[in-house]
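A.B. asks: Can you read through this structure? Questions will come right after.
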There are 2 protein chains.
Amino acid sequence: MVRVSDASPIWIRPARGARGPQPTHSRDEIVEAAIALADAEGLAAVSMRAVATALHTGAGSLYRYLSSRDDLLDLMTDRVAAGLRPFPEPAGEPVDSLIVLAGRQLALYRRHPWVIDLLHRPTGIGPEALAWFDHCLGALAPVPCGSAAKFEALAMMTGVVTLFARTESAAPPPAFTGLDLTVYPHLVAAFADPGVRRPDLFDRTLRGLLTALLYD
Amino acid sequence: MVRVSDASPIWIRPARGARGPQPTHSRDEIVEAAIALADAEGLAAVSMRAVATALHTGAGSLYRYLSSRDDLLDLMTDRVAAGLRPFPEPAGEPVDSLIVLAGRQLALYRRHPWVIDLLHRPTGIGPEALAWFDHCLGALAPVPCGSAAKFEALAMMTGVVTLFARTESAAPPPAFTGLDLTVYPHLVAAFADPGVRRPDLFDRTLRGLLTALLYD
DNA sequence: GTAAACTGCGAACGACGTTCGCGGTTTCTC
DNA sequence: GAGAAACCGCGAACGTCGTTCGCAGTTTAC
């Protein structure tokens with residue numbers, strides 16, 4: 001019995017061998033079904049059995065195409081990253097270009113909120129994610145700082161984007177009923193004077209961050 | 001059969017009723033064992049059965065003290081947040097104070113890396129986390145902006161700290177063996193010229209971020 | 001003294017990821 | 001063309017997980 005083994009990353013592993021009957025399904029079909037499930041009911045609903053049921057087959061059959069559920073999650077992440085295309089062309093100042101790119105990333109996370117929970121895994125940097133990263137590096141070409149600083153800036157940028165996306169998609173925390181709030185004087189004072197919320201938080205945050213990391 | 005129900009958050013739920021024999025264990029004891037397990041073997045090792053075994057009992061017995069595993073994770077998070085005490089007293093510029101506070105938070109995440117994976121949950125803002133947040137708000141008292149901006153700045157600060165902590169604790173990604181790297185021209189060019197890495201990345205990132213959010 | 005509310009315990013349930021062996025199908029090699 | 005090798009779908013099964021439940025025993029309230 002030969003199944004899809006995990007000797008090498010899923011990206012460069014052949015989908016099937018040369019002999020045997022033509023497969024009923026395909027990796028793309030499985031990944032598409034899994035993404036539809038995640039979009040509709042969240043990441044927890046993406047179980048091997050659920051994906052298999054959506055494809056009218058059994059859970060064990062999926063292991064003809066994938067070596068593990070982690071592989072499936074990796075493929076989902078990269079497939080969704082393909083939705084970043086077409087890449088916006090850099091125009092104007094590099095920081096402005098990056099803010100546009102970050103906005104596109106944020107829009108993607110809004111469309112597929114479950115991706116946020118897959119980004120912090122060490123695995124799963126696929127070809128599409130690499131292409132996006134490469135494009136962002138291209139937008140940073142005019143900046144005269146070293147490559148290490150650019151890597152750090154892009155990593156921080158992606159992190160901030162996920163922070164914004166998470167804040168948006170997260171449910172509001174439950175009320176503090178039952179807690180003795182007098183122990184938190186600054187907190188109650190702040191709630192008494194909410195102040196006005198600046199609208200362009202995303203832009204200002206990224207501009208401050210990127211300027212500090214690239215030009216200081 | 002009356003167990004610990006989930007009608008209200010775990011923080012204000014009484015640990016036990018008035019009648020019945022004296023319990024063998026306690027919430028604190030369970031949380032402590034769970035934290036020790038997470039420190040030693042990671043969050044995945046914190047199963048109800050494993051915690052129960054460490055306490056020489058059965059998994060089902062834990063539900064006399066907790067209503068779910070999520071409750072246990074909430075308690076672990078807040079218990080670890082108590083390690084932020086004693087709070088550093090604000091001194092000098094508010095931004096400088098915040099950077100000191102952020103550094104303390106980073107040190108905590110270094111001691112308990114698994115906490116990072118628990119922070120993005122909507123539940124689990126316990127009294128210790130609230131006290132820390134209140135103290136940070138106090139350090140921001142001299143800043144003349146509105147409370148909403150301060151909330152946003154603190155949320156971003158915590159987010160950036162988790163980004164740094166995650167980057168440190170994450171294993172390096174597997175090599176890109178087998179991928180056609182010529183498709184990523186900027187990436188290979190950047191790897192050819194790594195440049196020099198600035199040492200004070202944490203400070204500069206936070207300073208740029210906080211200044212943009214609080215004073216612009 | 002009796003009833004109510006609690007205790008620990010262990011078996012059990014359903015869901016999960018994954019493995020395995022089976023019979024059948026396709027392709028390669030001679 | 002014959003046979004071996006590799007692959008296919010399928011369904012049962014394994015071990016682990018969080019959680020529920022009933023039972024027997026213990027403590028408290030009235």
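Residue numbering restarts at 1 in every chain; chains get A, B, ... in the order shown in the structure tokens, and ligands count up from 1 in that same order.
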Residues at most 12 Å from DC14 (chain D), counting only C-alpha atoms (C1' of nucleotides), excluding those fewer than 6 positions away in the same chain, as number ranges by chain?
C.D. replies: C: 17-20
A.B. asks: DG8 (chain C): which residues within 9 Å, counting only C-alpha atoms (C1' of nucleotides), same-chain residues fewer than 3 positions away excluded, as a list in words?
C.D. replies: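 Near neighbours after the sequence-gap exclusion: Pro23, Thr24, Thr57, Gly58 and Ser61 of chain B.
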A.B. asks: Those selected residues, please, written with N, CA, C and O atoms and delivered as a PDB file, in the first residue's frame.
C.D. replies:
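Written output follows (out_1.pdb):
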```pdb
ATOM      1  N   PRO B  23     -13.402  18.726  49.391  1.00  0.00           N
ATOM      2  CA  PRO B  23     -12.817  18.274  48.128  1.00  0.00           C
ATOM      3  C   PRO B  23     -11.353  17.895  48.299  1.00  0.00           C
ATOM      4  O   PRO B  23     -10.623  18.485  49.099  1.00  0.00           O
ATOM      5  N   THR B  24     -10.941  16.910  47.526  1.00  0.00           N
ATOM      6  CA  THR B  24      -9.544  16.469  47.579  1.00  0.00           C
ATOM      7  C   THR B  24      -8.614  17.491  46.933  1.00  0.00           C
ATOM      8  O   THR B  24      -7.492  17.690  47.391  1.00  0.00           O
ATOM      9  N   THR B  57      -5.809  11.256  39.700  1.00  0.00           N
ATOM     10  CA  THR B  57      -7.257  11.075  39.701  1.00  0.00           C
ATOM     11  C   THR B  57      -7.705  10.819  38.266  1.00  0.00           C
ATOM     12  O   THR B  57      -6.877  10.653  37.372  1.00  0.00           O
ATOM     13  N   GLY B  58      -9.016  10.781  38.048  1.00  0.00           N
ATOM     14  CA  GLY B  58      -9.541  10.530  36.710  1.00  0.00           C
ATOM     15  C   GLY B  58      -9.973  11.810  36.031  1.00  0.00           C
ATOM     16  O   GLY B  58     -10.184  12.847  36.682  1.00  0.00           O
ATOM     17  N   SER B  61     -13.195  13.517  37.102  1.00  0.00           N
ATOM     18  CA  SER B  61     -13.239  14.190  38.404  1.00  0.00           C
ATOM     19  C   SER B  61     -12.960  15.680  38.292  1.00  0.00           C
ATOM     20  O   SER B  61     -13.403  16.464  39.126  1.00  0.00           O
TER      21      SER B  61
END
```
A.B. asks: Residues of chain C that have any atom at most 12 Å from an atom of chain B: could you tabulate them with the shortest-distance atom pair and the distance in Å to one decimal, using only C-alpha atoms (C1' of nucleotides), ordered by chain and increasing number, as a tab-separated table?
C.D. replies:
```
residue	atom	partner	partner_atom	distance
C:DA4	C1'	B:Arg19	CA	8.9
C:DA5	C1'	B:Arg19	CA	5.7
C:DC6	C1'	B:Gly20	CA	3.6
C:DT7	C1'	B:Pro21	CA	5.6
C:DG8	C1'	B:Ser61	CA	6.7
C:DC9	C1'	B:Gly58	CA	7.3
C:DG10	C1'	B:Gly58	CA	8.0
C:DA11	C1'	B:Gly60	CA	10.6
C:DA12	C1'	B:Gly60	CA	11.5
```
A.B. asks: Report the closest atom pair, with its distance in Å rounded to one decimal, for each residue of region 126-178 of chain A that has an atom no farther than 12 Å from region 156-166 of chain B; count only C-alpha atoms, sort by chain and then rising residue number, and write it as a tab-separated table.
C.D. replies:
```
residue	atom	partner	partner_atom	distance
A:Glu152	CA	B:Phe164	CA	10.4
A:Ala155	CA	B:Leu163	CA	8.9
A:Met156	CA	B:Leu163	CA	7.5
A:Met157	CA	B:Val160	CA	10.2
A:Thr158	CA	B:Leu163	CA	9.8
A:Gly159	CA	B:Leu163	CA	6.4
A:Val160	CA	B:Val160	CA	7.4
A:Val161	CA	B:Gly159	CA	10.5
A:Thr162	CA	B:Gly159	CA	9.3
A:Leu163	CA	B:Gly159	CA	6.4
A:Phe164	CA	B:Met156	CA	8.7
A:Ala165	CA	B:Gly159	CA	11.8
A:Arg166	CA	B:Gly159	CA	10.2
A:Thr167	CA	B:Met156	CA	10.0
```
A.B. asks: Could you list, with a cut-off of 8 Å and counting only C-alpha atoms, the residues of chain B near chain A, each shown with its nearest atom pair and the distance in Å rounded to one decimal, rows sorted by chain and ascending number, as a tab-separated table?
C.D. replies:
```
residue	atom	partner	partner_atom	distance
B:Ile12	CA	A:Gly178	CA	6.4
B:His120	CA	A:Arg166	CA	7.8
B:Pro122	CA	A:Pro173	CA	5.5
B:Thr123	CA	A:Pro173	CA	6.2
B:Ile125	CA	A:Pro173	CA	7.9
B:Pro127	CA	A:Leu179	CA	7.9
B:Leu130	CA	A:Tyr184	CA	7.4
B:Ala131	CA	A:Tyr184	CA	6.3
B:Phe133	CA	A:Leu187	CA	7.8
B:Asp134	CA	A:Leu187	CA	5.4
B:His135	CA	A:His186	CA	7.4
B:Leu137	CA	A:His186	CA	6.0
B:Gly138	CA	A:His186	CA	5.8
B:Cys145	CA	A:Gly195	CA	7.9
B:Gly146	CA	A:Gly195	CA	4.3
B:Ser147	CA	A:Pro194	CA	5.0
B:Ala148	CA	A:Pro194	CA	5.5
B:Ala149	CA	A:Arg197	CA	6.3
B:Met156	CA	A:Leu163	CA	7.5
B:Gly159	CA	A:Leu163	CA	6.4
B:Val160	CA	A:Val160	CA	7.4
B:Leu163	CA	A:Gly159	CA	6.4
B:Arg166	CA	A:His120	CA	7.8
B:Ala170	CA	A:Pro122	CA	6.5
B:Ala171	CA	A:Pro122	CA	6.3
B:Pro172	CA	A:Pro122	CA	6.9
B:Pro173	CA	A:Pro122	CA	5.4
B:Pro174	CA	A:Thr123	CA	7.1
B:Gly178	CA	A:Ile12	CA	6.4
B:Leu179	CA	A:Ile12	CA	7.1
B:Val183	CA	A:Ala131	CA	7.7
B:Tyr184	CA	A:Asp134	CA	5.7
B:Pro185	CA	A:Asp134	CA	7.2
B:His186	CA	A:Asp134	CA	5.5
B:Leu187	CA	A:Asp134	CA	5.4
B:Ala190	CA	A:Ser147	CA	5.4
B:Phe191	CA	A:Ser147	CA	7.4
B:Asp193	CA	A:Ser147	CA	6.4
B:Pro194	CA	A:Ser147	CA	4.9
B:Gly195	CA	A:Gly146	CA	4.3
B:Val196	CA	A:Gly146	CA	6.2
B:Arg197	CA	A:Ala148	CA	5.6
B:Arg198	CA	A:Ala149	CA	7.3
B:Leu201	CA	A:Leu213	CA	7.7
B:Arg204	CA	A:Ala212	CA	6.3
B:Thr205	CA	A:Leu209	CA	6.0
B:Leu206	CA	A:Leu209	CA	7.8
B:Arg207	CA	A:Ala212	CA	7.9
B:Gly208	CA	A:Gly208	CA	5.0
B:Leu209	CA	A:Leu209	CA	5.1
B:Thr211	CA	A:Gly208	CA	7.4
B:Ala212	CA	A:Gly208	CA	5.2
B:Leu213	CA	A:Thr205	CA	6.4
```
